[in-house]
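Chemist: There's a structure below that I have some questions on.
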Amino acid sequence: MAHDPTHPDSVPTGTRRPERLSWPLVIGFGSLALLWPLVDALGLADSLGQPAAAFLVFAVVGAAWVLGVGFGRVPQPVVTLTLAGVVYGILLMAMSELLGDRPSIGGVLGGVVAVFEIARAAGLGALAGLLARSLQRSRAAR
């Protein structure tokens, strides 16, 4: 197909079209935040202790993100996992509000805490995305 600037699917000759982002994967990886209520429901947080349970969930989610995207040949791994981190952070904030896990913080301070939590999760997602991309590249080099 020749390049036609008026056609939305037209790509100039010699350029690559960026691969599409997989929204089901973004939402699926982000929904791993739902492990938190499962850990609580199974009593793992009480039996392991809070720092150990948090580390366990963090390790499981991080491994799932890096290995799932790294071995799954997911396009745009950094963007995918950054957005998955945003979904994860939003779900964490929503669950903590719904389940009353944390003290209620209202107003501006509550908004700042929510933005910080979502940004932190997005940053961890970006880091996982960099690791996953590195894994993809090392597998492709073989």
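Labels for the structure tokens follow display order: chains A, B, ..., residues from 1 in each chain, ligands from 1.
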Leaving out A:Leu83 and any residue of its chain fewer than 3 positions from it, which residues lie within 12 Å of it when counting only C-alpha atoms, given as a VMD selection string?
Modeler: chain A and resid 21 to 31 65 76 to 80 86 to 90 118 to 129
Chemist: Residues within 12 Å of stretch 39-42 of chain A, please, as a PyMOL selection string. Count only C-alpha atoms; anything in the same chain fewer than 2 positions from it doesn't count.
Modeler: chain A and resi 32-37+44-50+52-58+60+99+101
Chemist: Using DSSP assignments from the backbone, pull out every residue in chain A that falls under alpha helix (DSSP H) and give it to me as a PyMOL selection string.
Modeler: chain A and resi 23-30+35-41+44-48+50-71+77-99+107-140
Chemist: One number please: atom CA of A:Gly111 to atom CA of A:Gly85, in Å, one decimal.
Modeler: 17.8 Å
Chemist: Looking at A:Val115, A:Leu91, A:Val108, A:Leu130, which one is nearest to A:Gly70, with distances taken over only C-alpha atoms?
Modeler: A:Leu130
Chemist: What's the separation between atom CA of A:Val112 and atom CA of A:Pro51, in Å to one decimal place?
Modeler: 24.0 Å
